[in-house]
$ cat final.cif   # mmCIF, C-alpha atoms and all ligand atoms
data_run
loop_
_atom_site.label_atom_id
_atom_site.label_comp_id
_atom_site.auth_asym_id
_atom_site.auth_seq_id
_atom_site.Cartn_x
_atom_site.Cartn_y
_atom_site.Cartn_z
CA MET A 1 -18.32 -7.21 33.76
CA GLU A 2 -20.76 -4.99 31.87
CA LYS A 3 -20.02 -4.00 28.28
CA LYS A 4 -20.32 -0.37 27.23
CA ASP A 5 -23.59 0.69 25.68
CA ILE A 6 -22.36 1.19 22.13
CA ASN A 7 -23.92 0.44 18.76
CA TRP A 8 -21.01 -1.89 17.95
CA SER A 9 -22.08 -2.80 14.44
CA GLU A 10 -22.18 0.87 13.42
CA LEU A 11 -18.57 1.57 14.43
CA GLY A 12 -16.13 2.85 11.84
CA PHE A 13 -12.36 2.99 12.23
CA GLY A 14 -11.88 5.89 14.62
CA TYR A 15 -10.50 6.77 18.03
CA ILE A 16 -12.73 6.22 21.02
CA LYS A 17 -11.28 6.99 24.42
CA THR A 18 -11.30 4.06 26.82
CA GLU A 19 -10.51 4.16 30.54
CA LEU A 20 -6.96 2.87 30.70
CA ARG A 21 -3.75 2.69 28.70
CA PHE A 22 -0.31 1.22 29.50
CA GLU A 23 2.83 3.29 29.71
CA ALA A 24 6.49 2.47 30.33
CA VAL A 25 9.31 4.99 30.24
CA TYR A 26 12.92 4.52 29.18
CA THR A 27 15.37 6.70 31.10
CA ASN A 28 19.04 6.27 32.03
CA GLY A 29 19.32 3.21 29.86
CA LYS A 30 16.46 1.15 31.23
CA TRP A 31 12.73 0.58 30.98
CA SER A 32 10.41 1.26 33.89
CA LYS A 33 8.12 -1.64 34.85
CA GLY A 34 5.19 0.14 33.24
CA GLU A 35 1.69 0.77 34.55
CA LEU A 36 -1.89 1.42 33.55
CA ILE A 37 -2.76 5.10 33.52
CA GLU A 38 -5.89 7.15 32.91
CA SER A 39 -4.87 10.13 30.82
CA GLU A 40 -4.89 9.81 27.04
CA ILE A 41 -2.69 12.90 26.82
CA ILE A 42 1.08 12.56 26.46
CA GLN A 43 3.04 15.61 27.56
CA VAL A 44 6.34 15.84 25.74
CA HIS A 45 9.11 18.40 25.48
CA GLU A 46 8.89 20.82 22.53
CA GLY A 47 12.30 19.57 21.41
CA ALA A 48 11.21 15.90 21.36
CA PRO A 49 12.74 14.05 18.36
CA ALA A 50 9.39 12.29 17.84
CA LEU A 51 7.90 15.67 16.93
CA HIS A 52 10.68 17.01 14.73
CA TYR A 53 12.44 14.07 13.17
CA SER A 54 9.74 11.38 13.40
CA GLN A 55 11.63 9.19 15.81
CA GLU A 56 8.48 7.16 16.30
CA CYS A 57 7.34 3.65 15.49
CA PHE A 58 4.13 1.80 16.20
CA GLU A 59 2.16 -1.40 15.83
CA GLY A 60 -1.42 -2.41 15.18
CA LEU A 61 -3.20 -5.58 16.25
CA LYS A 62 -6.67 -6.59 17.34
CA ALA A 63 -8.45 -8.41 20.13
CA GLN A 64 -11.69 -10.21 19.29
CA THR A 65 -14.36 -11.87 21.33
CA ALA A 66 -14.50 -15.52 20.34
CA LYS A 67 -17.66 -17.54 19.93
CA ASP A 68 -17.13 -19.11 23.37
CA GLY A 69 -16.56 -15.71 25.01
CA ARG A 70 -12.76 -15.90 25.23
CA VAL A 71 -10.79 -12.82 24.20
CA LEU A 72 -8.28 -13.61 21.46
CA LEU A 73 -5.24 -11.83 20.07
CA PHE A 74 -3.89 -12.76 16.65
CA ARG A 75 -0.16 -13.57 16.51
CA PRO A 76 0.85 -10.74 18.89
CA GLU A 77 4.42 -12.02 19.14
CA MET A 78 4.89 -11.07 15.49
CA ASN A 79 3.95 -7.48 16.28
CA ALA A 80 6.36 -7.51 19.22
CA LYS A 81 9.18 -8.67 16.94
CA ARG A 82 8.33 -6.14 14.24
CA LEU A 83 8.37 -3.28 16.77
CA ILE A 84 11.86 -4.41 17.80
CA LYS A 85 13.00 -4.21 14.17
CA SER A 86 11.38 -0.80 13.70
CA ALA A 87 13.03 0.53 16.87
CA GLU A 88 16.45 -0.73 15.81
CA ARG A 89 16.11 0.90 12.40
CA ILE A 90 15.58 4.36 13.87
CA LEU A 91 17.94 4.02 16.84
CA MET A 92 15.43 3.57 19.62
CA PRO A 93 15.76 1.22 22.57
CA VAL A 94 13.87 -1.98 21.82
CA VAL A 95 10.78 -2.88 23.80
CA PRO A 96 11.48 -6.43 25.00
CA GLU A 97 8.96 -8.95 23.71
CA ASP A 98 7.76 -9.81 27.22
CA LEU A 99 7.15 -6.14 28.06
CA PHE A 100 5.25 -5.70 24.79
CA LEU A 101 3.04 -8.73 25.41
CA GLU A 102 2.47 -7.84 29.06
CA ALA A 103 1.43 -4.32 28.05
CA VAL A 104 -0.98 -5.62 25.40
CA HIS A 105 -2.55 -8.19 27.74
CA GLN A 106 -2.91 -5.69 30.61
CA THR A 107 -4.44 -2.99 28.39
CA VAL A 108 -6.94 -5.32 26.77
CA LYS A 109 -7.95 -6.83 30.10
CA ALA A 110 -8.31 -3.41 31.75
CA ASN A 111 -10.62 -2.26 28.96
CA TYR A 112 -12.76 -5.40 28.85
CA ALA A 113 -15.96 -3.33 28.73
CA TRP A 114 -14.83 -1.89 25.39
CA ILE A 115 -14.14 -5.19 23.62
CA PRO A 116 -16.90 -5.58 21.03
CA PRO A 117 -19.07 -8.66 21.59
CA TYR A 118 -18.92 -11.75 19.40
CA GLY A 119 -20.88 -11.38 16.20
CA SER A 120 -20.92 -7.56 16.22
CA GLY A 121 -18.48 -7.27 13.31
CA ALA A 122 -16.31 -4.95 15.42
CA SER A 123 -13.07 -5.59 17.30
CA LEU A 124 -10.74 -3.93 19.76
CA TYR A 125 -7.87 -2.27 17.89
CA ILE A 126 -4.63 -2.16 19.88
CA ARG A 127 -2.09 0.54 19.10
CA PRO A 128 1.35 0.11 20.72
CA MET A 129 3.63 3.07 20.07
CA LEU A 130 7.19 4.06 20.88
CA ILE A 131 8.28 7.70 20.79
CA GLY A 132 11.51 9.61 21.35
CA VAL A 133 10.95 12.35 23.93
CA ALA A 134 13.02 14.75 26.10
CA ASP A 135 14.80 17.84 24.86
CA ASN A 136 16.88 17.74 21.72
CA LEU A 137 17.63 20.01 18.79
CA GLY A 138 20.31 18.57 16.51
CA LEU A 139 19.67 15.44 14.49
CA SER A 140 20.43 12.74 17.03
CA PRO A 141 18.41 10.11 18.84
CA ALA A 142 16.31 11.05 21.85
CA LYS A 143 17.59 10.54 25.36
CA GLU A 144 14.26 9.32 26.73
CA PHE A 145 11.47 7.24 25.28
CA ILE A 146 7.85 6.42 26.01
CA PHE A 147 6.20 3.11 25.16
CA ARG A 148 2.46 3.36 25.26
CA VAL A 149 -0.36 0.97 24.38
CA PHE A 150 -3.89 2.24 23.93
CA VAL A 151 -6.99 0.57 22.55
CA SER A 152 -10.11 1.63 20.72
CA PRO A 153 -13.14 -0.37 19.60
CA VAL A 154 -13.31 -0.25 15.81
CA GLY A 155 -15.41 -1.34 12.89
CA PRO A 156 -14.20 -1.83 9.32
CA TYR A 157 -11.30 0.28 8.07
CA TYR A 158 -12.73 0.89 4.64
CA LYS A 159 -16.27 2.16 4.18
CA GLY A 160 -18.62 -0.67 3.42
CA GLY A 161 -17.14 -3.12 5.83
CA GLY A 162 -16.87 -6.86 6.24
CA VAL A 163 -15.92 -8.54 3.04
CA SER A 164 -17.11 -5.70 0.80
CA LEU A 165 -15.36 -4.40 -2.28
CA ILE A 166 -12.90 -1.51 -2.32
CA SER A 167 -10.90 0.18 -5.08
CA LEU A 168 -7.29 1.35 -5.28
CA ALA A 169 -5.62 4.02 -7.40
CA VAL A 170 -1.98 3.70 -8.48
CA SER A 171 -0.13 6.74 -7.20
CA ASP A 172 2.62 8.69 -8.92
CA ILE A 173 3.95 9.50 -5.45
CA ASP A 174 6.56 7.11 -4.03
CA ARG A 175 5.97 5.56 -0.62
CA ALA A 176 9.38 4.15 0.15
CA ALA A 177 12.85 3.96 -1.37
CA PRO A 178 14.43 0.52 -1.97
CA ASN A 179 16.86 0.91 0.92
CA GLY A 180 14.73 3.26 2.97
CA THR A 181 12.33 2.59 5.83
CA GLY A 182 9.38 1.07 3.94
CA SER A 183 9.68 -2.33 5.56
CA HIS A 184 9.45 -0.85 9.05
CA LYS A 185 6.34 0.39 10.77
CA ILE A 186 7.49 3.91 11.47
CA GLY A 187 5.38 7.06 11.45
CA ALA A 188 7.57 8.77 8.87
CA ASN A 189 6.35 6.38 6.16
CA TYR A 190 2.78 7.46 6.66
CA ALA A 191 2.97 11.28 6.66
CA GLY A 192 4.39 11.15 3.13
CA GLY A 193 1.46 9.03 2.02
CA LEU A 194 -1.33 11.32 3.20
CA LEU A 195 -1.30 13.27 -0.07
CA ALA A 196 -1.32 10.05 -2.10
CA THR A 197 -4.37 8.81 -0.18
CA GLN A 198 -6.12 12.15 -0.70
CA LYS A 199 -5.46 12.01 -4.45
CA ALA A 200 -6.70 8.41 -4.58
CA LYS A 201 -9.91 9.46 -2.84
CA GLU A 202 -10.38 12.28 -5.34
CA LEU A 203 -10.41 9.61 -8.04
CA GLY A 204 -13.10 7.75 -6.12
CA ALA A 205 -10.76 5.05 -4.78
CA ASN A 206 -10.46 4.03 -1.12
CA GLU A 207 -6.68 4.12 -0.96
CA ALA A 208 -3.46 4.73 -2.88
CA LEU A 209 -1.53 1.85 -4.41
CA TYR A 210 2.23 2.23 -4.79
CA LEU A 211 4.69 1.03 -7.39
CA ASP A 212 8.38 0.52 -6.63
CA ALA A 213 10.19 3.83 -6.41
CA ALA A 214 13.25 2.81 -8.45
CA GLU A 215 11.62 1.64 -11.68
CA LYS A 216 7.93 2.47 -11.23
CA LYS A 217 7.02 -0.92 -12.66
CA TYR A 218 6.47 -3.34 -9.82
CA LEU A 219 3.53 -3.51 -7.48
CA GLU A 220 4.39 -2.71 -3.88
CA GLU A 221 1.52 -2.16 -1.46
CA ALA A 222 -1.39 0.08 -0.56
CA GLY A 223 -1.09 2.97 1.89
CA SER A 224 -2.41 0.95 4.81
CA ALA A 225 -2.26 -2.67 3.63
CA ASN A 226 -0.35 -5.27 1.59
CA VAL A 227 -1.81 -6.71 -1.61
CA LEU A 228 -2.66 -10.20 -2.81
CA VAL A 229 -3.50 -11.31 -6.35
CA ALA A 230 -5.19 -14.47 -7.58
CA MET A 231 -4.04 -15.11 -11.14
CA THR A 232 -4.75 -17.60 -13.88
CA ASN A 233 -3.54 -21.21 -13.45
CA ASN A 234 -4.25 -21.42 -9.72
CA ARG A 235 -1.53 -18.90 -8.91
CA PHE A 236 -1.77 -16.78 -5.78
CA VAL A 237 0.81 -14.04 -5.84
CA THR A 238 2.03 -11.29 -3.55
CA PRO A 239 4.74 -8.70 -4.24
CA LYS A 240 8.30 -9.32 -3.15
CA SER A 241 9.99 -6.06 -2.19
CA LYS A 242 12.41 -4.75 0.40
CA ALA A 243 10.30 -1.62 0.73
CA ILE A 244 6.95 -2.98 1.90
CA LEU A 245 5.75 -3.75 5.40
CA PRO A 246 5.98 -7.47 6.24
CA SER A 247 2.30 -7.88 7.08
CA VAL A 248 1.23 -10.40 9.69
CA THR A 249 -2.10 -10.75 7.92
CA ARG A 250 -0.48 -11.36 4.55
CA ILE A 251 1.87 -14.09 5.74
CA SER A 252 -1.09 -15.80 7.40
CA LEU A 253 -3.29 -15.54 4.31
CA MET A 254 -0.53 -16.85 2.05
CA GLN A 255 -0.22 -19.89 4.30
CA LEU A 256 -3.98 -20.44 4.26
CA ALA A 257 -4.06 -20.04 0.47
CA GLU A 258 -1.45 -22.74 0.10
CA GLN A 259 -2.36 -25.16 2.83
CA GLU A 260 -6.14 -24.82 3.05
CA ILE A 261 -7.08 -23.96 -0.53
CA GLY A 262 -4.24 -25.61 -2.41
CA LEU A 263 -3.19 -22.57 -4.45
CA ALA A 264 0.31 -22.24 -5.88
CA ILE A 265 1.68 -19.34 -3.86
CA GLU A 266 4.40 -17.04 -5.15
CA GLU A 267 6.16 -14.09 -3.55
CA ARG A 268 7.86 -12.29 -6.41
CA PRO A 269 8.02 -8.94 -8.18
CA ILE A 270 4.74 -8.26 -10.00
CA HIS A 271 5.15 -6.17 -13.16
CA LEU A 272 1.87 -4.29 -13.09
CA GLN A 273 1.62 -3.21 -16.71
CA ASN A 274 2.49 -6.66 -18.08
CA GLU A 275 0.52 -8.72 -15.61
CA ILE A 276 -2.63 -6.77 -14.73
CA LYS A 277 -4.51 -8.54 -17.53
CA GLU A 278 -3.95 -11.82 -15.73
CA PHE A 279 -5.33 -10.61 -12.38
CA ILE A 280 -8.51 -12.49 -11.55
CA GLU A 281 -9.07 -11.48 -7.93
CA VAL A 282 -7.23 -8.82 -5.94
CA ALA A 283 -7.32 -7.93 -2.24
CA ALA A 284 -5.75 -5.57 0.25
CA CYS A 285 -4.88 -7.11 3.60
CA GLY A 286 -3.79 -5.96 7.02
CA THR A 287 -4.89 -5.75 10.63
CA ALA A 288 -7.18 -2.79 9.99
CA ALA A 289 -8.10 -3.84 6.43
CA VAL A 290 -8.53 -7.55 7.35
CA LEU A 291 -9.03 -8.87 3.81
CA SER A 292 -10.68 -6.30 1.60
CA PRO A 293 -11.39 -7.53 -1.92
CA VAL A 294 -10.44 -5.01 -4.61
CA SER A 295 -12.97 -4.59 -7.41
CA LYS A 296 -10.84 -2.28 -9.56
CA ILE A 297 -7.52 -0.47 -9.82
CA TRP A 298 -6.93 2.95 -11.40
CA PHE A 299 -3.79 2.67 -13.54
CA LYS A 300 -2.60 4.55 -16.65
CA ASN A 301 -5.67 6.79 -16.66
CA ARG A 302 -8.30 4.07 -16.62
CA TRP A 303 -9.96 1.57 -14.33
CA PHE A 304 -9.06 -2.11 -14.57
CA ASN A 305 -11.90 -4.27 -13.25
CA PHE A 306 -11.37 -7.70 -11.76
CA TYR A 307 -13.64 -10.57 -10.82
CA ASP A 308 -17.16 -10.33 -12.30
CA ASN A 309 -16.25 -7.00 -13.88
CA GLY A 310 -15.77 -5.59 -10.38
CA GLN A 311 -19.35 -6.39 -9.36
CA SER A 312 -18.85 -9.08 -6.74
CA VAL A 313 -16.33 -10.71 -4.44
CA GLY A 314 -14.52 -13.66 -6.01
CA PRO A 315 -14.58 -17.12 -4.45
CA ILE A 316 -10.91 -17.23 -3.44
CA MET A 317 -10.95 -13.97 -1.50
CA GLN A 318 -14.32 -14.88 -0.02
CA GLN A 319 -12.94 -18.20 1.21
CA LEU A 320 -9.74 -16.68 2.56
CA TYR A 321 -11.64 -13.94 4.39
CA HIS A 322 -13.79 -16.56 6.08
CA LEU A 323 -10.89 -18.83 7.00
CA LEU A 324 -8.91 -15.97 8.54
CA THR A 325 -11.78 -14.40 10.46
CA GLN A 326 -13.08 -17.77 11.64
CA ILE A 327 -9.66 -18.49 13.16
CA GLN A 328 -9.49 -15.01 14.67
CA LYS A 329 -12.91 -15.43 16.28
CA GLY A 330 -12.33 -18.99 17.47
CA GLU A 331 -15.02 -20.38 15.16
CA ILE A 332 -12.82 -23.10 13.71
CA GLU A 333 -9.89 -25.02 15.08
CA ASP A 334 -6.76 -22.88 15.41
CA LYS A 335 -4.52 -25.54 13.98
CA TYR A 336 -1.63 -23.17 13.33
CA LYS A 337 -1.73 -21.88 16.94
CA TRP A 338 -2.09 -18.29 15.83
CA THR A 339 -4.41 -17.00 18.54
CA GLN A 340 -3.47 -16.12 22.10
CA GLU A 341 -6.04 -15.78 24.85
CA VAL A 342 -6.19 -12.74 27.09
CA VAL A 343 -7.24 -14.11 30.45
CA ILE A 344 -9.87 -11.75 31.83
N1 LIG A 401 1.21 -2.23 5.01
C1 LIG A 401 1.08 -1.08 5.68
C2 LIG A 401 1.67 0.14 5.08
C3 LIG A 401 0.39 -1.06 6.90
O1 LIG A 401 0.25 0.09 7.57
C4 LIG A 401 -0.17 -2.24 7.41
C5 LIG A 401 -0.85 -2.24 8.68
O2 LIG A 401 -0.38 -2.66 9.68
C6 LIG A 401 0.00 -3.42 6.67
C7 LIG A 401 0.68 -3.38 5.48
C8 LIG A 401 -0.55 -4.71 7.16
O3 LIG A 401 0.23 -5.27 8.18
P1 LIG A 401 -0.40 -6.21 9.27
O4 LIG A 401 -1.08 -7.31 8.56
O5 LIG A 401 0.76 -6.70 10.06
O6 LIG A 401 -1.33 -5.38 10.07
C1 LIG A 402 -3.00 -1.47 10.78
O1 LIG A 402 -3.62 -2.13 9.95
O2 LIG A 402 -2.87 -1.89 11.94
C2 LIG A 402 -2.41 -0.18 10.47
O3 LIG A 402 -1.56 0.22 11.21
C3 LIG A 402 -2.85 0.61 9.32
C4 LIG A 402 -3.12 2.02 9.76
C5 LIG A 402 -2.95 2.96 8.64
C6 LIG A 402 -4.48 2.12 10.37
#

$ encode --input "final.cif" --output "structure tokens" --more "lines below"
Ligand code: PLP
Ligand code: COI
Amino acid sequence: MEKKDINWSELGFGYIKTELRFEAVYTNGKWSKGELIESEIIQVHEGAPALHYSQECFEGLKAQTAKDGRVLLFRPEMNAKRLIKSAERILMPVVPEDLFLEAVHQTVKANYAWIPPYGSGASLYIRPMLIGVADNLGLSPAKEFIFRVFVSPVGPYYKGGGVSLISLAVSDIDRAAPNGTGSHKIGANYAGGLLATQKAKELGANEALYLDAAEKKYLEEAGSANVLVAMTNNRFVTPKSKAILPSVTRISLMQLAEQEIGLAIEERPIHLQNEIKEFIEVAACGTAAVLSPVSKIWFKNRWFNFYDNGQSVGPIMQQLYHLLTQIQKGEIEDKYKWTQEVVI
């Protein structure tokens, strides 16, 4: 099958329409079998709870072309499970794991021509989404739901790309309350963060960084990614919080940090003011962000620089980036069995 004629290595993180997407519909208490369709447009009722009350959740994962030409997904069953949790939190019918995986496999396969080739630095971003549709007015769950999976070839999320440095700015806006929806991947969490991201960009940073909403002391996460910190004494730390998204990338990187690099991993509250002086290397991580090393953080009206005074990527983040992406692209043995092949 021919690939599309695209300058793959120039791609940013944006929407590109591909030929086919998967859709299943939930009516009268059950899911339809689902099918591949052509139109990227979803027609919904003006009273749809997805539009008014954000009864919407989504996922994000990637397919990559491996060195040997296979097409690989990274831990897609974790995305399936997280979508189930998100759906339950906002009273939506769950998408069974087998329907989720079937939809992802079918959509990737059907859009083979759009999967960036090995070595291009780009990948196929997969966006499963679940929305509450059909007429409604009062605050109650929708009566009908649509599960859709579309794909788009993408390059790096942050400008620069690959393993290049980004910066974050601590926001005075809260992302998520301690017992709110922050640990679920629901659209409502993101609309509230748009202003924080805009303000971060005005300061010259790539993205907002949030503190816990209750005490404004502990590091939570960035607007589109979790955070990781290499500290003195071989410590590799990530925030523990009920209000952050449990990132598939983060859990994988923590395991690699411990088992492949021998770091002492900790998941615990990180008191930013007290501990920032001990930060040696910092990174943002996620499906879109992959592992993006952070050169500096804006906090208390000044920049705090990390490794090499913010001038270069530190060795730990460099190594972790390579380990993760080599597994994702089938360049080294997948000893943790994280990748899943899409049979084309
Ligand atoms: N945190 C937020 C707010 C995100 O939107 C994402 C992206 O999915 C992540 C963290 C990273 O999660 P994952 O590694 O599962 O993509
Ligand atoms: C992802 O990394 O998959 C996300 O959903 C982040 C999003 C803001 C692009």

$ closest_residue --input "final.cif" --among "A:Pro141, A:Gly121, A:Pro116, A:Gly34" --to "Val95 (chain A)" --atoms "only C-alpha atoms"
A:Gly34

$ axis_aligned_box --input "final.cif" --around "ligand LIG 402 (chain A)" --padding-each-side "4 Å" --output "AutoDock Vina command-line options"
--center_x -3.0 --center_y 0.4 --center_z 10.3 --size_x 10.9 --size_y 13.1 --size_z 11.3

$ atom_distance --input "final.cif" --atom1 "CA of Gly155 (chain A)" --atom2 "CA of Ala289 (chain A)"
10.1 Å

$ residues_near_ligand --input "final.cif" --ligand "ligand LIG 402 (chain A)" --cutoff "8 Å" --atoms "all atoms listed in the file" --output "compact mmCIF listing (two decimals) with C-alpha atoms, keeping the file's coordinate frame"
# COMPACT_ATOMS: atom_id res chain seq x y z
CA PHE A 58 4.13 1.80 16.20
CA GLU A 59 2.16 -1.40 15.83
CA GLY A 60 -1.42 -2.41 15.18
CA LEU A 61 -3.20 -5.58 16.25
CA TYR A 125 -7.87 -2.27 17.89
CA ARG A 127 -2.09 0.54 19.10
CA TYR A 157 -11.30 0.28 8.07
CA LYS A 185 6.34 0.39 10.77
CA TYR A 190 2.78 7.46 6.66
CA GLY A 223 -1.09 2.97 1.89
CA SER A 224 -2.41 0.95 4.81
CA ALA A 225 -2.26 -2.67 3.63
CA GLY A 286 -3.79 -5.96 7.02
CA THR A 287 -4.89 -5.75 10.63
CA ALA A 288 -7.18 -2.79 9.99
CA ALA A 289 -8.10 -3.84 6.43
CA VAL A 290 -8.53 -7.55 7.35

$ residues_around --input "final.cif" --residues "Leu324 (chain A)" --least-positions-apart "3" --cutoff "12 Å" --atoms "only C-alpha atoms" --output "PyMOL selection string"
chain A and resi 74+163+248-257+260+285-287+290-291+317-321+327-336+338-339

$ atom_distance --input "final.cif" --atom1 "CA of Glu278 (chain A)" --atom2 "CA of Thr232 (chain A)"
6.1 Å

$ atom_distance --input "final.cif" --atom1 "CA of Gly160 (chain A)" --atom2 "CA of Gln340 (chain A)"
28.6 Å

$ closest_residue --input "final.cif" --among "A:Ala50, A:Val313, A:Ala63, A:Ile37" --to "Ala188 (chain A)" --atoms "all atoms listed in the file"
A:Ala50

$ closest_residue --input "final.cif" --among "A:Arg175, A:His45, A:Lys143, A:Lys4" --to "ligand LIG 401 (chain A)" --atoms "only C-alpha atoms and all ligand atoms"
A:Arg175

$ closest_residue --input "final.cif" --among "A:Leu168, A:Ile297, A:Val104, A:Ile115" --to "Gln273 (chain A)" --atoms "only C-alpha atoms"
A:Ile297

$ residues_around --input "final.cif" --residues "Gly187 (chain A)" --least-positions-apart "3" --cutoff "8 Å" --atoms "all atoms listed in the file" --output "number ranges by chain"
A: 54-58, 190-191

$ decode --input "final.cif" --residues "region 96-110 of chain A" --atoms "N, CA, C and O atoms" --output "short mmCIF file (atom, residue, chain, number, x, y, z; two decimals), in the first residue's frame"
data_model
loop_
_atom_site.label_atom_id
_atom_site.label_comp_id
_atom_site.auth_asym_id
_atom_site.auth_seq_id
_atom_site.Cartn_x
_atom_site.Cartn_y
_atom_site.Cartn_z
N PRO A 96 -16.63 -1.30 26.17
CA PRO A 96 -15.91 -2.51 26.58
C PRO A 96 -14.50 -2.53 25.96
O PRO A 96 -14.30 -2.03 24.85
N GLU A 97 -13.57 -3.11 26.72
CA GLU A 97 -12.18 -3.10 26.27
C GLU A 97 -12.02 -3.71 24.87
O GLU A 97 -11.25 -3.21 24.05
N ASP A 98 -12.79 -4.78 24.59
CA ASP A 98 -12.61 -5.41 23.26
C ASP A 98 -13.15 -4.52 22.15
O ASP A 98 -12.58 -4.47 21.06
N LEU A 99 -14.20 -3.75 22.42
CA LEU A 99 -14.70 -2.81 21.40
C LEU A 99 -13.68 -1.69 21.18
O LEU A 99 -13.39 -1.30 20.04
N PHE A 100 -13.11 -1.20 22.27
CA PHE A 100 -12.09 -0.15 22.18
C PHE A 100 -10.92 -0.63 21.31
O PHE A 100 -10.49 0.04 20.37
N LEU A 101 -10.40 -1.80 21.64
CA LEU A 101 -9.21 -2.29 20.93
C LEU A 101 -9.52 -2.60 19.47
O LEU A 101 -8.74 -2.30 18.57
N GLU A 102 -10.69 -3.17 19.24
CA GLU A 102 -11.12 -3.46 17.86
C GLU A 102 -11.20 -2.16 17.05
O GLU A 102 -10.74 -2.09 15.91
N ALA A 103 -11.78 -1.14 17.66
CA ALA A 103 -11.93 0.15 16.98
C ALA A 103 -10.56 0.75 16.65
O ALA A 103 -10.34 1.26 15.55
N VAL A 104 -9.64 0.68 17.61
CA VAL A 104 -8.30 1.24 17.39
C VAL A 104 -7.59 0.47 16.27
O VAL A 104 -7.05 1.07 15.32
N HIS A 105 -7.63 -0.85 16.34
CA HIS A 105 -6.95 -1.66 15.32
C HIS A 105 -7.55 -1.39 13.93
O HIS A 105 -6.83 -1.19 12.96
N GLN A 106 -8.88 -1.39 13.86
CA GLN A 106 -9.54 -1.18 12.55
C GLN A 106 -9.20 0.19 11.98
O GLN A 106 -8.93 0.33 10.79
N THR A 107 -9.20 1.21 12.84
CA THR A 107 -8.97 2.58 12.33
C THR A 107 -7.52 2.75 11.86
O THR A 107 -7.26 3.36 10.82
N VAL A 108 -6.60 2.20 12.62
CA VAL A 108 -5.19 2.31 12.22
C VAL A 108 -4.96 1.57 10.90
O VAL A 108 -4.37 2.10 9.96
N LYS A 109 -5.49 0.36 10.84
CA LYS A 109 -5.30 -0.45 9.62
C LYS A 109 -5.91 0.25 8.41
O LYS A 109 -5.30 0.32 7.33
N ALA A 110 -7.11 0.80 8.58
CA ALA A 110 -7.81 1.44 7.46
C ALA A 110 -7.09 2.69 6.98
O ALA A 110 -7.29 3.13 5.85
#
